[in-house]
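Text of the file my_file.txt, holding compact mmCIF, N, CA and C atoms:
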# COMPACT_ATOMS: atom_id res chain seq x y z
N ARG A 1488 11.94 -5.96 13.84
CA ARG A 1488 13.11 -5.11 13.99
C ARG A 1488 14.05 -5.25 12.79
N LYS A 1489 14.05 -6.41 12.16
CA LYS A 1489 14.92 -6.63 11.01
C LYS A 1489 14.61 -5.63 9.89
N ILE A 1490 13.35 -5.39 9.64
CA ILE A 1490 12.95 -4.45 8.58
C ILE A 1490 13.44 -3.05 8.93
N ILE A 1491 13.27 -2.64 10.17
CA ILE A 1491 13.71 -1.31 10.61
C ILE A 1491 15.23 -1.21 10.47
N TRP A 1492 15.93 -2.25 10.88
CA TRP A 1492 17.38 -2.26 10.79
C TRP A 1492 17.82 -2.06 9.34
N ASN A 1493 17.19 -2.80 8.43
CA ASN A 1493 17.54 -2.69 7.01
C ASN A 1493 17.15 -1.33 6.42
N LEU A 1494 15.98 -0.84 6.77
CA LEU A 1494 15.53 0.46 6.23
C LEU A 1494 16.47 1.59 6.64
N ASN A 1495 17.01 1.49 7.82
CA ASN A 1495 17.94 2.53 8.29
C ASN A 1495 19.30 2.46 7.58
N ARG A 1496 19.53 1.41 6.80
CA ARG A 1496 20.83 1.23 6.15
C ARG A 1496 20.80 1.38 4.63
N ILE A 1497 19.63 1.59 4.08
CA ILE A 1497 19.57 1.77 2.63
C ILE A 1497 19.20 3.22 2.32
N ASP A 1498 19.50 3.63 1.13
CA ASP A 1498 19.19 5.00 0.71
C ASP A 1498 17.77 5.04 0.18
N LEU A 1499 16.84 5.39 1.05
CA LEU A 1499 15.43 5.42 0.68
C LEU A 1499 15.11 6.54 -0.30
N ASP A 1500 16.02 7.49 -0.44
CA ASP A 1500 15.81 8.56 -1.42
C ASP A 1500 15.87 8.04 -2.85
N ASN A 1501 16.37 6.82 -3.03
CA ASN A 1501 16.43 6.22 -4.37
C ASN A 1501 15.06 5.72 -4.84
N TYR A 1502 14.07 5.76 -3.95
CA TYR A 1502 12.74 5.24 -4.28
C TYR A 1502 11.74 6.39 -4.35
N ASP A 1503 10.85 6.28 -5.33
CA ASP A 1503 9.82 7.31 -5.49
C ASP A 1503 8.64 7.09 -4.56
N HIS A 1504 8.19 5.83 -4.50
CA HIS A 1504 7.02 5.49 -3.70
C HIS A 1504 7.20 4.09 -3.12
N PHE A 1505 6.24 3.70 -2.27
CA PHE A 1505 6.36 2.45 -1.53
C PHE A 1505 5.04 1.69 -1.53
N THR A 1506 5.12 0.41 -1.22
CA THR A 1506 3.94 -0.37 -0.89
C THR A 1506 4.18 -0.95 0.50
N VAL A 1507 3.10 -1.29 1.18
CA VAL A 1507 3.25 -1.80 2.54
C VAL A 1507 2.01 -2.62 2.92
N GLY A 1508 2.24 -3.68 3.67
CA GLY A 1508 1.16 -4.49 4.22
C GLY A 1508 1.16 -4.37 5.73
N TYR A 1509 -0.02 -4.50 6.34
CA TYR A 1509 -0.07 -4.34 7.79
C TYR A 1509 -0.17 -5.66 8.55
N SER A 1510 -0.33 -6.77 7.85
CA SER A 1510 -0.42 -8.06 8.52
C SER A 1510 0.82 -8.30 9.38
N ASN A 1511 0.62 -8.83 10.56
CA ASN A 1511 1.70 -9.13 11.51
C ASN A 1511 2.41 -7.88 12.03
N ARG A 1512 1.78 -6.72 11.92
CA ARG A 1512 2.37 -5.48 12.43
C ARG A 1512 1.38 -4.79 13.35
N SER A 1513 1.93 -4.05 14.29
CA SER A 1513 1.09 -3.17 15.10
C SER A 1513 0.97 -1.84 14.36
N ILE A 1514 0.05 -1.02 14.79
CA ILE A 1514 -0.09 0.30 14.17
C ILE A 1514 1.18 1.11 14.39
N ASP A 1515 1.81 0.95 15.54
CA ASP A 1515 3.06 1.67 15.82
C ASP A 1515 4.18 1.22 14.90
N GLN A 1516 4.25 -0.08 14.61
CA GLN A 1516 5.27 -0.58 13.68
C GLN A 1516 5.03 -0.05 12.27
N LEU A 1517 3.77 -0.01 11.85
CA LEU A 1517 3.46 0.54 10.54
C LEU A 1517 3.89 2.00 10.45
N ILE A 1518 3.52 2.78 11.45
CA ILE A 1518 3.88 4.20 11.45
C ILE A 1518 5.40 4.37 11.48
N GLU A 1519 6.08 3.51 12.20
CA GLU A 1519 7.54 3.61 12.26
C GLU A 1519 8.18 3.40 10.89
N VAL A 1520 7.75 2.38 10.14
CA VAL A 1520 8.35 2.16 8.82
C VAL A 1520 7.97 3.29 7.85
N LEU A 1521 6.77 3.80 7.96
CA LEU A 1521 6.36 4.92 7.10
C LEU A 1521 7.18 6.16 7.41
N THR A 1522 7.43 6.40 8.67
CA THR A 1522 8.21 7.56 9.10
C THR A 1522 9.66 7.45 8.63
N ILE A 1523 10.25 6.29 8.78
CA ILE A 1523 11.63 6.08 8.33
C ILE A 1523 11.74 6.31 6.83
N ALA A 1524 10.72 5.88 6.08
CA ALA A 1524 10.73 6.05 4.62
C ALA A 1524 10.29 7.45 4.20
N ASN A 1525 9.97 8.28 5.17
CA ASN A 1525 9.54 9.67 4.92
C ASN A 1525 8.27 9.73 4.05
N VAL A 1526 7.38 8.80 4.28
CA VAL A 1526 6.09 8.77 3.57
C VAL A 1526 5.21 9.87 4.15
N LYS A 1527 4.62 10.65 3.27
CA LYS A 1527 3.74 11.74 3.70
C LYS A 1527 2.26 11.40 3.54
N THR A 1528 1.95 10.45 2.64
CA THR A 1528 0.56 10.05 2.42
C THR A 1528 0.48 8.54 2.28
N LEU A 1529 -0.39 7.94 3.08
CA LEU A 1529 -0.68 6.52 2.96
C LEU A 1529 -1.93 6.39 2.10
N VAL A 1530 -1.83 5.59 1.04
CA VAL A 1530 -2.95 5.36 0.13
C VAL A 1530 -3.49 3.95 0.40
N ASP A 1531 -4.68 3.90 0.93
CA ASP A 1531 -5.32 2.62 1.26
C ASP A 1531 -5.95 2.07 -0.01
N VAL A 1532 -5.49 0.89 -0.46
CA VAL A 1532 -5.98 0.32 -1.71
C VAL A 1532 -6.93 -0.86 -1.47
N ARG A 1533 -7.50 -0.92 -0.28
CA ARG A 1533 -8.53 -1.93 -0.01
C ARG A 1533 -9.87 -1.38 -0.48
N MET A 1534 -10.68 -2.23 -1.08
CA MET A 1534 -12.00 -1.78 -1.49
C MET A 1534 -12.81 -1.38 -0.26
N ASN A 1535 -12.78 -2.22 0.76
CA ASN A 1535 -13.48 -1.93 2.01
C ASN A 1535 -12.42 -1.75 3.11
N PRO A 1536 -12.21 -0.52 3.55
CA PRO A 1536 -11.14 -0.27 4.52
C PRO A 1536 -11.55 -0.59 5.96
N VAL A 1537 -11.99 -1.82 6.15
CA VAL A 1537 -12.44 -2.27 7.45
C VAL A 1537 -11.67 -3.53 7.81
N SER A 1538 -11.20 -3.58 9.04
CA SER A 1538 -10.52 -4.77 9.52
C SER A 1538 -11.26 -5.26 10.76
N ARG A 1539 -11.99 -6.35 10.60
CA ARG A 1539 -12.81 -6.85 11.71
C ARG A 1539 -11.97 -7.30 12.89
N PHE A 1540 -10.82 -7.89 12.62
CA PHE A 1540 -10.00 -8.44 13.70
C PHE A 1540 -8.89 -7.49 14.15
N ARG A 1541 -8.64 -6.46 13.37
CA ARG A 1541 -7.62 -5.47 13.71
C ARG A 1541 -8.23 -4.08 13.55
N PRO A 1542 -9.09 -3.66 14.48
CA PRO A 1542 -9.83 -2.39 14.31
C PRO A 1542 -8.93 -1.17 14.17
N GLU A 1543 -7.71 -1.24 14.63
CA GLU A 1543 -6.80 -0.10 14.48
C GLU A 1543 -6.45 0.16 13.02
N PHE A 1544 -6.73 -0.83 12.15
CA PHE A 1544 -6.45 -0.67 10.73
C PHE A 1544 -7.72 -0.39 9.91
N SER A 1545 -8.83 -0.16 10.59
CA SER A 1545 -10.04 0.29 9.91
C SER A 1545 -9.90 1.79 9.63
N LYS A 1546 -10.59 2.25 8.63
CA LYS A 1546 -10.39 3.58 8.06
C LYS A 1546 -10.28 4.72 9.08
N SER A 1547 -11.28 4.89 9.91
CA SER A 1547 -11.27 6.05 10.82
C SER A 1547 -10.16 5.94 11.87
N ASN A 1548 -9.95 4.75 12.42
CA ASN A 1548 -8.88 4.57 13.40
C ASN A 1548 -7.51 4.76 12.76
N LEU A 1549 -7.34 4.21 11.56
CA LEU A 1549 -6.07 4.33 10.84
C LEU A 1549 -5.79 5.79 10.51
N ARG A 1550 -6.79 6.48 10.00
CA ARG A 1550 -6.64 7.90 9.67
C ARG A 1550 -6.23 8.71 10.91
N SER A 1551 -6.85 8.44 12.03
CA SER A 1551 -6.54 9.15 13.26
C SER A 1551 -5.10 8.89 13.72
N SER A 1552 -4.68 7.64 13.70
CA SER A 1552 -3.31 7.30 14.12
C SER A 1552 -2.28 7.93 13.19
N LEU A 1553 -2.55 7.88 11.90
CA LEU A 1553 -1.63 8.48 10.94
C LEU A 1553 -1.56 9.98 11.10
N SER A 1554 -2.69 10.59 11.34
CA SER A 1554 -2.74 12.04 11.51
C SER A 1554 -1.85 12.49 12.67
N SER A 1555 -1.88 11.74 13.76
CA SER A 1555 -1.05 12.12 14.90
C SER A 1555 0.44 11.94 14.61
N ALA A 1556 0.77 11.22 13.53
CA ALA A 1556 2.16 11.06 13.09
C ALA A 1556 2.46 11.96 11.88
N ASN A 1557 1.54 12.88 11.58
CA ASN A 1557 1.68 13.81 10.44
C ASN A 1557 1.78 13.09 9.10
N ILE A 1558 1.01 12.02 8.97
CA ILE A 1558 0.92 11.30 7.71
C ILE A 1558 -0.53 11.39 7.25
N ASP A 1559 -0.74 11.82 6.02
CA ASP A 1559 -2.08 11.92 5.47
C ASP A 1559 -2.58 10.53 5.08
N TYR A 1560 -3.91 10.40 5.07
CA TYR A 1560 -4.55 9.15 4.68
C TYR A 1560 -5.45 9.41 3.49
N LYS A 1561 -5.35 8.55 2.49
CA LYS A 1561 -6.23 8.64 1.32
C LYS A 1561 -6.71 7.25 0.98
N HIS A 1562 -8.01 7.11 0.83
CA HIS A 1562 -8.59 5.82 0.46
C HIS A 1562 -8.99 5.87 -1.01
N ILE A 1563 -8.51 4.90 -1.79
CA ILE A 1563 -8.89 4.79 -3.20
C ILE A 1563 -9.51 3.41 -3.39
N PRO A 1564 -10.82 3.28 -3.14
CA PRO A 1564 -11.47 1.97 -3.22
C PRO A 1564 -11.45 1.37 -4.63
N GLU A 1565 -11.33 2.22 -5.65
CA GLU A 1565 -11.28 1.71 -7.03
C GLU A 1565 -10.06 0.83 -7.27
N LEU A 1566 -9.05 0.94 -6.42
CA LEU A 1566 -7.86 0.09 -6.54
C LEU A 1566 -8.00 -1.22 -5.78
N GLY A 1567 -9.13 -1.39 -5.12
CA GLY A 1567 -9.38 -2.61 -4.37
C GLY A 1567 -9.96 -3.71 -5.24
N ILE A 1568 -10.18 -4.85 -4.63
CA ILE A 1568 -10.77 -6.00 -5.31
C ILE A 1568 -12.11 -6.29 -4.64
N PRO A 1569 -13.18 -6.38 -5.43
CA PRO A 1569 -14.49 -6.70 -4.84
C PRO A 1569 -14.44 -8.04 -4.08
N SER A 1570 -15.12 -8.10 -2.95
CA SER A 1570 -15.12 -9.31 -2.12
C SER A 1570 -15.55 -10.54 -2.88
N ASP A 1571 -16.60 -10.43 -3.70
CA ASP A 1571 -17.08 -11.61 -4.42
C ASP A 1571 -16.03 -12.11 -5.43
N THR A 1572 -15.29 -11.20 -6.04
CA THR A 1572 -14.22 -11.59 -6.97
C THR A 1572 -13.08 -12.25 -6.21
N ARG A 1573 -12.70 -11.66 -5.09
CA ARG A 1573 -11.61 -12.21 -4.28
C ARG A 1573 -11.96 -13.60 -3.77
N ASN A 1574 -13.22 -13.81 -3.44
CA ASN A 1574 -13.65 -15.10 -2.88
C ASN A 1574 -13.78 -16.20 -3.92
N THR A 1575 -13.92 -15.84 -5.19
CA THR A 1575 -14.15 -16.86 -6.22
C THR A 1575 -12.93 -17.17 -7.08
N LYS A 1576 -11.87 -16.41 -6.96
CA LYS A 1576 -10.69 -16.63 -7.81
C LYS A 1576 -9.49 -17.06 -6.99
N ARG A 1577 -8.68 -17.93 -7.56
CA ARG A 1577 -7.42 -18.31 -6.94
C ARG A 1577 -6.43 -17.16 -7.14
N SER A 1578 -5.37 -17.13 -6.37
CA SER A 1578 -4.41 -16.01 -6.41
C SER A 1578 -3.92 -15.67 -7.81
N SER A 1579 -3.45 -16.66 -8.56
CA SER A 1579 -2.90 -16.37 -9.89
C SER A 1579 -3.99 -15.81 -10.80
N ASN A 1580 -5.18 -16.38 -10.74
CA ASN A 1580 -6.29 -15.88 -11.54
C ASN A 1580 -6.76 -14.52 -11.04
N LEU A 1581 -6.68 -14.31 -9.75
CA LEU A 1581 -7.12 -13.05 -9.15
C LEU A 1581 -6.26 -11.89 -9.66
N PHE A 1582 -4.96 -12.09 -9.69
CA PHE A 1582 -4.08 -11.03 -10.13
C PHE A 1582 -4.21 -10.77 -11.63
N SER A 1583 -4.44 -11.82 -12.40
CA SER A 1583 -4.70 -11.64 -13.83
C SER A 1583 -6.00 -10.86 -14.03
N TRP A 1584 -7.03 -11.24 -13.27
CA TRP A 1584 -8.30 -10.52 -13.34
C TRP A 1584 -8.08 -9.04 -13.01
N TYR A 1585 -7.31 -8.80 -11.95
CA TYR A 1585 -7.08 -7.42 -11.49
C TYR A 1585 -6.40 -6.59 -12.58
N GLU A 1586 -5.35 -7.12 -13.17
CA GLU A 1586 -4.63 -6.38 -14.20
C GLU A 1586 -5.47 -6.15 -15.45
N GLU A 1587 -6.38 -7.07 -15.74
CA GLU A 1587 -7.24 -6.93 -16.92
C GLU A 1587 -8.42 -5.99 -16.69
N ASN A 1588 -8.87 -5.87 -15.44
CA ASN A 1588 -10.10 -5.15 -15.16
C ASN A 1588 -9.94 -3.83 -14.42
N VAL A 1589 -8.76 -3.56 -13.93
CA VAL A 1589 -8.52 -2.32 -13.18
C VAL A 1589 -7.47 -1.51 -13.91
N ASP A 1590 -7.81 -0.31 -14.29
CA ASP A 1590 -6.86 0.58 -14.96
C ASP A 1590 -6.05 1.30 -13.88
N ILE A 1591 -5.08 0.58 -13.36
CA ILE A 1591 -4.32 1.00 -12.19
C ILE A 1591 -3.74 2.40 -12.36
N LEU A 1592 -2.99 2.61 -13.41
CA LEU A 1592 -2.31 3.90 -13.59
C LEU A 1592 -3.29 5.05 -13.74
N LYS A 1593 -4.35 4.86 -14.50
CA LYS A 1593 -5.34 5.92 -14.68
C LYS A 1593 -6.01 6.28 -13.36
N ILE A 1594 -6.38 5.27 -12.59
CA ILE A 1594 -7.03 5.52 -11.30
C ILE A 1594 -6.09 6.31 -10.39
N ILE A 1595 -4.84 5.88 -10.33
CA ILE A 1595 -3.87 6.58 -9.47
C ILE A 1595 -3.67 8.01 -9.94
N GLN A 1596 -3.45 8.19 -11.24
CA GLN A 1596 -3.20 9.54 -11.76
C GLN A 1596 -4.40 10.46 -11.60
N ASP A 1597 -5.61 9.89 -11.59
CA ASP A 1597 -6.82 10.71 -11.37
C ASP A 1597 -6.96 11.14 -9.91
N GLN A 1598 -6.33 10.40 -9.01
CA GLN A 1598 -6.52 10.64 -7.57
C GLN A 1598 -5.35 11.35 -6.88
N ILE A 1599 -4.13 11.08 -7.34
CA ILE A 1599 -2.95 11.67 -6.69
C ILE A 1599 -1.92 12.11 -7.72
N ASP A 1600 -1.05 12.99 -7.30
CA ASP A 1600 0.04 13.47 -8.16
C ASP A 1600 1.31 12.70 -7.81
N LEU A 1601 1.60 11.68 -8.60
CA LEU A 1601 2.78 10.84 -8.35
C LEU A 1601 4.09 11.60 -8.48
N ASN A 1602 4.06 12.73 -9.15
CA ASN A 1602 5.28 13.51 -9.35
C ASN A 1602 5.44 14.61 -8.31
N SER A 1603 4.62 14.58 -7.28
CA SER A 1603 4.77 15.58 -6.22
C SER A 1603 6.09 15.35 -5.49
N GLN A 1604 6.42 16.26 -4.65
CA GLN A 1604 7.72 16.21 -3.97
C GLN A 1604 7.76 15.22 -2.81
N HIS A 1605 6.65 14.54 -2.54
CA HIS A 1605 6.69 13.59 -1.43
C HIS A 1605 6.26 12.19 -1.86
N SER A 1606 6.62 11.23 -1.02
CA SER A 1606 6.38 9.82 -1.33
C SER A 1606 5.03 9.36 -0.80
N PHE A 1607 4.45 8.43 -1.54
CA PHE A 1607 3.22 7.77 -1.15
C PHE A 1607 3.55 6.33 -0.81
N ALA A 1608 2.75 5.73 0.06
CA ALA A 1608 2.83 4.29 0.32
C ALA A 1608 1.45 3.72 0.08
N PHE A 1609 1.38 2.67 -0.71
CA PHE A 1609 0.12 2.00 -1.04
C PHE A 1609 -0.07 0.83 -0.09
N LEU A 1610 -1.13 0.88 0.70
CA LEU A 1610 -1.37 -0.07 1.79
C LEU A 1610 -2.42 -1.11 1.45
N CYS A 1611 -2.14 -2.35 1.82
CA CYS A 1611 -3.14 -3.41 1.83
C CYS A 1611 -2.80 -4.32 3.02
N VAL A 1612 -3.46 -5.45 3.09
CA VAL A 1612 -3.35 -6.31 4.26
C VAL A 1612 -2.09 -7.16 4.29
N GLU A 1613 -1.89 -7.94 3.26
CA GLU A 1613 -0.86 -8.99 3.28
C GLU A 1613 0.55 -8.46 3.51
N LEU A 1614 1.31 -9.15 4.32
CA LEU A 1614 2.70 -8.78 4.55
C LEU A 1614 3.54 -9.04 3.29
N ASP A 1615 3.28 -10.16 2.63
CA ASP A 1615 4.02 -10.54 1.43
C ASP A 1615 3.37 -9.89 0.21
N PRO A 1616 4.08 -9.00 -0.49
CA PRO A 1616 3.47 -8.32 -1.63
C PRO A 1616 3.07 -9.27 -2.76
N ASP A 1617 3.73 -10.42 -2.88
CA ASP A 1617 3.35 -11.37 -3.92
C ASP A 1617 2.01 -12.04 -3.64
N SER A 1618 1.54 -11.94 -2.41
CA SER A 1618 0.25 -12.52 -2.03
C SER A 1618 -0.85 -11.47 -2.05
N CYS A 1619 -0.53 -10.30 -2.55
CA CYS A 1619 -1.44 -9.16 -2.48
C CYS A 1619 -1.48 -8.42 -3.81
N HIS A 1620 -2.61 -7.82 -4.11
CA HIS A 1620 -2.74 -7.09 -5.37
C HIS A 1620 -1.86 -5.84 -5.44
N ARG A 1621 -1.30 -5.42 -4.32
CA ARG A 1621 -0.44 -4.22 -4.38
C ARG A 1621 0.82 -4.47 -5.21
N HIS A 1622 1.21 -5.75 -5.40
CA HIS A 1622 2.36 -6.01 -6.28
C HIS A 1622 2.01 -5.63 -7.72
N CYS A 1623 0.74 -5.75 -8.09
CA CYS A 1623 0.32 -5.31 -9.44
C CYS A 1623 0.44 -3.79 -9.55
N ILE A 1624 0.11 -3.10 -8.48
CA ILE A 1624 0.25 -1.64 -8.45
C ILE A 1624 1.72 -1.27 -8.58
N SER A 1625 2.56 -1.94 -7.81
CA SER A 1625 4.00 -1.69 -7.85
C SER A 1625 4.57 -1.91 -9.24
N GLN A 1626 4.22 -3.03 -9.86
CA GLN A 1626 4.74 -3.34 -11.19
C GLN A 1626 4.26 -2.33 -12.24
N THR A 1627 3.02 -1.90 -12.13
CA THR A 1627 2.49 -0.90 -13.05
C THR A 1627 3.25 0.42 -12.91
N LEU A 1628 3.50 0.83 -11.68
CA LEU A 1628 4.24 2.08 -11.46
C LEU A 1628 5.68 1.95 -11.94
N GLU A 1629 6.29 0.79 -11.73
CA GLU A 1629 7.66 0.59 -12.20
C GLU A 1629 7.74 0.64 -13.72
N LYS A 1630 6.75 0.08 -14.41
CA LYS A 1630 6.71 0.14 -15.87
C LYS A 1630 6.57 1.59 -16.36
N SER A 1631 6.04 2.45 -15.50
CA SER A 1631 5.87 3.87 -15.84
C SER A 1631 7.08 4.71 -15.42
N GLY A 1632 8.12 4.05 -14.93
CA GLY A 1632 9.36 4.74 -14.62
C GLY A 1632 9.59 5.09 -13.16
N TYR A 1633 8.69 4.70 -12.27
CA TYR A 1633 8.87 4.98 -10.85
C TYR A 1633 9.61 3.86 -10.18
N LYS A 1634 10.41 4.20 -9.17
CA LYS A 1634 11.12 3.19 -8.38
C LYS A 1634 10.31 2.94 -7.12
N ILE A 1635 9.95 1.67 -6.88
CA ILE A 1635 9.06 1.29 -5.81
C ILE A 1635 9.76 0.28 -4.88
N LEU A 1636 9.53 0.43 -3.59
CA LEU A 1636 10.05 -0.52 -2.61
C LEU A 1636 8.92 -0.94 -1.70
N ASP A 1637 8.83 -2.24 -1.40
CA ASP A 1637 7.85 -2.70 -0.43
C ASP A 1637 8.47 -2.61 0.95
N LEU A 1638 7.75 -1.94 1.83
CA LEU A 1638 8.22 -1.78 3.21
C LEU A 1638 7.75 -2.97 4.02
Render the structure in this file as structure tokens.
Amino acid sequence: RKIIWNLNRIDLDNYDHFTVGYSNRSIDQLIEVLTIANVKTLVDVRMNPVSRFRPEFSKSNLRSSLSSANIDYKHIPELGIPSDTRNTKRSSNLFSWYEENVDILKIIQDQIDLNSQHSFAFLCVELDPDSCHRHCISQTLEKSGYKILDL
């Protein structure tokens, strides 16, 4: 509830796009924060959009839930991290590997129009963006002039 309370008190129009993690959230809580932020498209940045322990966050279930809330779903697996790489690297090395091996901005620009009139939210698992590769996405977009907020 703290996040919702804060989101309702800041000017979300000051942000171009968002990042969000689903860990420790229900699907309803995720949809609520996306709705408050007026997100029109959720971009799934997991290589494999499957959640064994949280099936509501697997691709088809997630797409269906978002659709009923009038939020589009887009999966961009190229922004994900291969399982074998994730399993063999420590966090600091993993993020360095990611930034060196994934052309974040090019992949995004090839898949979506960041300058469209609506906001995107880039989704991954971790609640803390510093523990997730989506912070690399956020930093890359910020270096390109976009204002990003983690929901």
I want to know what sits within 10 Å of Cys1611 (chain A), based on only C-alpha atoms, with residues of the same chain fewer than 5 positions away left out; could you give that as a list in words?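 The neighbour list is Thr1506, Val1507, Gly1508, Tyr1509, Ser1510, Val1530, Asp1531, Val1532, Arg1533, Met1534, Pro1536, Phe1544, Gly1567, Pro1616, Cys1619, His1620 and Arg1621 of chain A.
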Let's have the selection written as a PDB file, keeping the file's coordinate frame, with N, CA and C atoms.
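Output file result.pdb is given in full below:
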ATOM      1  N   THR A1506       5.120   0.410  -1.220  1.00  0.00           N
ATOM      2  CA  THR A1506       3.940  -0.370  -0.890  1.00  0.00           C
ATOM      3  C   THR A1506       4.180  -0.950   0.500  1.00  0.00           C
ATOM      4  N   VAL A1507       3.100  -1.290   1.180  1.00  0.00           N
ATOM      5  CA  VAL A1507       3.250  -1.800   2.540  1.00  0.00           C
ATOM      6  C   VAL A1507       2.010  -2.620   2.920  1.00  0.00           C
ATOM      7  N   GLY A1508       2.240  -3.680   3.670  1.00  0.00           N
ATOM      8  CA  GLY A1508       1.160  -4.490   4.220  1.00  0.00           C
ATOM      9  C   GLY A1508       1.160  -4.370   5.730  1.00  0.00           C
ATOM     10  N   TYR A1509      -0.020  -4.500   6.340  1.00  0.00           N
ATOM     11  CA  TYR A1509      -0.070  -4.340   7.790  1.00  0.00           C
ATOM     12  C   TYR A1509      -0.170  -5.660   8.550  1.00  0.00           C
ATOM     13  N   SER A1510      -0.330  -6.770   7.850  1.00  0.00           N
ATOM     14  CA  SER A1510      -0.420  -8.060   8.520  1.00  0.00           C
ATOM     15  C   SER A1510       0.820  -8.300   9.380  1.00  0.00           C
ATOM     16  N   VAL A1530      -1.830   5.590   1.040  1.00  0.00           N
ATOM     17  CA  VAL A1530      -2.950   5.360   0.130  1.00  0.00           C
ATOM     18  C   VAL A1530      -3.490   3.950   0.400  1.00  0.00           C
ATOM     19  N   ASP A1531      -4.680   3.900   0.930  1.00  0.00           N
ATOM     20  CA  ASP A1531      -5.320   2.620   1.260  1.00  0.00           C
ATOM     21  C   ASP A1531      -5.950   2.070  -0.010  1.00  0.00           C
ATOM     22  N   VAL A1532      -5.490   0.890  -0.460  1.00  0.00           N
ATOM     23  CA  VAL A1532      -5.980   0.320  -1.710  1.00  0.00           C
ATOM     24  C   VAL A1532      -6.930  -0.860  -1.470  1.00  0.00           C
ATOM     25  N   ARG A1533      -7.500  -0.920  -0.280  1.00  0.00           N
ATOM     26  CA  ARG A1533      -8.530  -1.930  -0.010  1.00  0.00           C
ATOM     27  C   ARG A1533      -9.870  -1.380  -0.480  1.00  0.00           C
ATOM     28  N   MET A1534     -10.680  -2.230  -1.080  1.00  0.00           N
ATOM     29  CA  MET A1534     -12.000  -1.780  -1.490  1.00  0.00           C
ATOM     30  C   MET A1534     -12.810  -1.380  -0.260  1.00  0.00           C
ATOM     31  N   PRO A1536     -12.210  -0.520   3.550  1.00  0.00           N
ATOM     32  CA  PRO A1536     -11.140  -0.270   4.520  1.00  0.00           C
ATOM     33  C   PRO A1536     -11.550  -0.590   5.960  1.00  0.00           C
ATOM     34  N   PHE A1544      -6.730  -0.830  12.150  1.00  0.00           N
ATOM     35  CA  PHE A1544      -6.450  -0.670  10.730  1.00  0.00           C
ATOM     36  C   PHE A1544      -7.720  -0.390   9.910  1.00  0.00           C
ATOM     37  N   GLY A1567      -9.130  -1.390  -5.120  1.00  0.00           N
ATOM     38  CA  GLY A1567      -9.380  -2.610  -4.370  1.00  0.00           C
ATOM     39  C   GLY A1567      -9.960  -3.710  -5.240  1.00  0.00           C
ATOM     40  N   PRO A1616       4.080  -9.000  -0.490  1.00  0.00           N
ATOM     41  CA  PRO A1616       3.470  -8.320  -1.630  1.00  0.00           C
ATOM     42  C   PRO A1616       3.070  -9.270  -2.760  1.00  0.00           C
ATOM     43  N   CYS A1619      -0.530 -10.300  -2.550  1.00  0.00           N
ATOM     44  CA  CYS A1619      -1.440  -9.160  -2.480  1.00  0.00           C
ATOM     45  C   CYS A1619      -1.480  -8.420  -3.810  1.00  0.00           C
ATOM     46  N   HIS A1620      -2.610  -7.820  -4.110  1.00  0.00           N
ATOM     47  CA  HIS A1620      -2.740  -7.090  -5.370  1.00  0.00           C
ATOM     48  C   HIS A1620      -1.860  -5.840  -5.440  1.00  0.00           C
ATOM     49  N   ARG A1621      -1.300  -5.420  -4.320  1.00  0.00           N
ATOM     50  CA  ARG A1621      -0.440  -4.220  -4.380  1.00  0.00           C
ATOM     51  C   ARG A1621       0.820  -4.470  -5.210  1.00  0.00           C
TER      52      ARG A1621
END
Using DSSP on the backbone coordinates, identify the residues of chain A assigned to strand (DSSP E or B); present them as a PyMOL selection string. chain A and resi 1504-1508+1526-1531+1559-1562+1606-1611+1635-1637
Out of A:Asp1500, A:Leu1529, A:Ser1631, A:Thr1572, which residue has the shortest atom-to-atom distance to Lys1593 (chain A) when counting only C-alpha atoms?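 Using only C-alpha atoms, the shortest distance to Lys1593 (chain A) belongs to A:Ser1631.
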Taking only N, CA and C atoms into account, produce a table as a tab-separated table in which each residue of region 1511-1577 of chain A with an atom at most 8 Å from an atom of region 1492-1496 of chain A appears once, together with its shortest atom pair and the distance in Å to one decimal, ordered by chain and rising number.
residue	atom	partner	partner_atom	distance
A:Val1520	CA	A:Leu1494	CA	7.8
A:Ile1523	C	A:Leu1494	C	6.7
A:Ala1524	N	A:Leu1494	C	7.2
Taking all atoms of region 1502-1507 of chain A that the file lists, what box with edges along x, y and z, padded by 5 Å per side, do you get, with centre and edge lengths in Å to one decimal, as AutoDock Vina command-line options?
--center_x 8.0 --center_y 2.3 --center_z -1.3 --size_x 22.1 --size_y 19.9 --size_z 18.4
Pairwise distance for CA of Lys1527 (chain A) and atom C of Arg1539 (chain A), rounded to one decimal in Å: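 So the two atoms, CA of Lys1527 (chain A) and atom C of Arg1539 (chain A), lie 26.3 Å apart.
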At most 12 Å from (12.0, 17.3, -4.5), file frame, only C-alpha atoms: which residues, as a CSV table (one decimal) with N, CA and C atoms, in the frame of the given file?
chain,number,residue,atom,x,y,z
A,1500,ASP,N,16.0,7.5,-0.4
A,1500,ASP,CA,15.8,8.6,-1.4
A,1500,ASP,C,15.9,8.0,-2.8
A,1501,ASN,N,16.4,6.8,-3.0
A,1501,ASN,CA,16.4,6.2,-4.4
A,1501,ASN,C,15.1,5.7,-4.8
A,1503,ASP,N,10.8,6.3,-5.3
A,1503,ASP,CA,9.8,7.3,-5.5
A,1503,ASP,C,8.6,7.1,-4.6
A,1601,LEU,N,1.6,11.7,-8.6
A,1601,LEU,CA,2.8,10.8,-8.4
A,1601,LEU,C,4.1,11.6,-8.5
A,1602,ASN,N,4.1,12.7,-9.2
A,1602,ASN,CA,5.3,13.5,-9.4
A,1602,ASN,C,5.4,14.6,-8.3
A,1603,SER,N,4.6,14.6,-7.3
A,1603,SER,CA,4.8,15.6,-6.2
A,1603,SER,C,6.1,15.4,-5.5
A,1604,GLN,N,6.4,16.3,-4.6
A,1604,GLN,CA,7.7,16.2,-4.0
A,1604,GLN,C,7.8,15.2,-2.8
A,1605,HIS,N,6.6,14.5,-2.5
A,1605,HIS,CA,6.7,13.6,-1.4
A,1605,HIS,C,6.3,12.2,-1.9
A,1606,SER,N,6.6,11.2,-1.0
A,1606,SER,CA,6.4,9.8,-1.3
A,1606,SER,C,5.0,9.4,-0.8
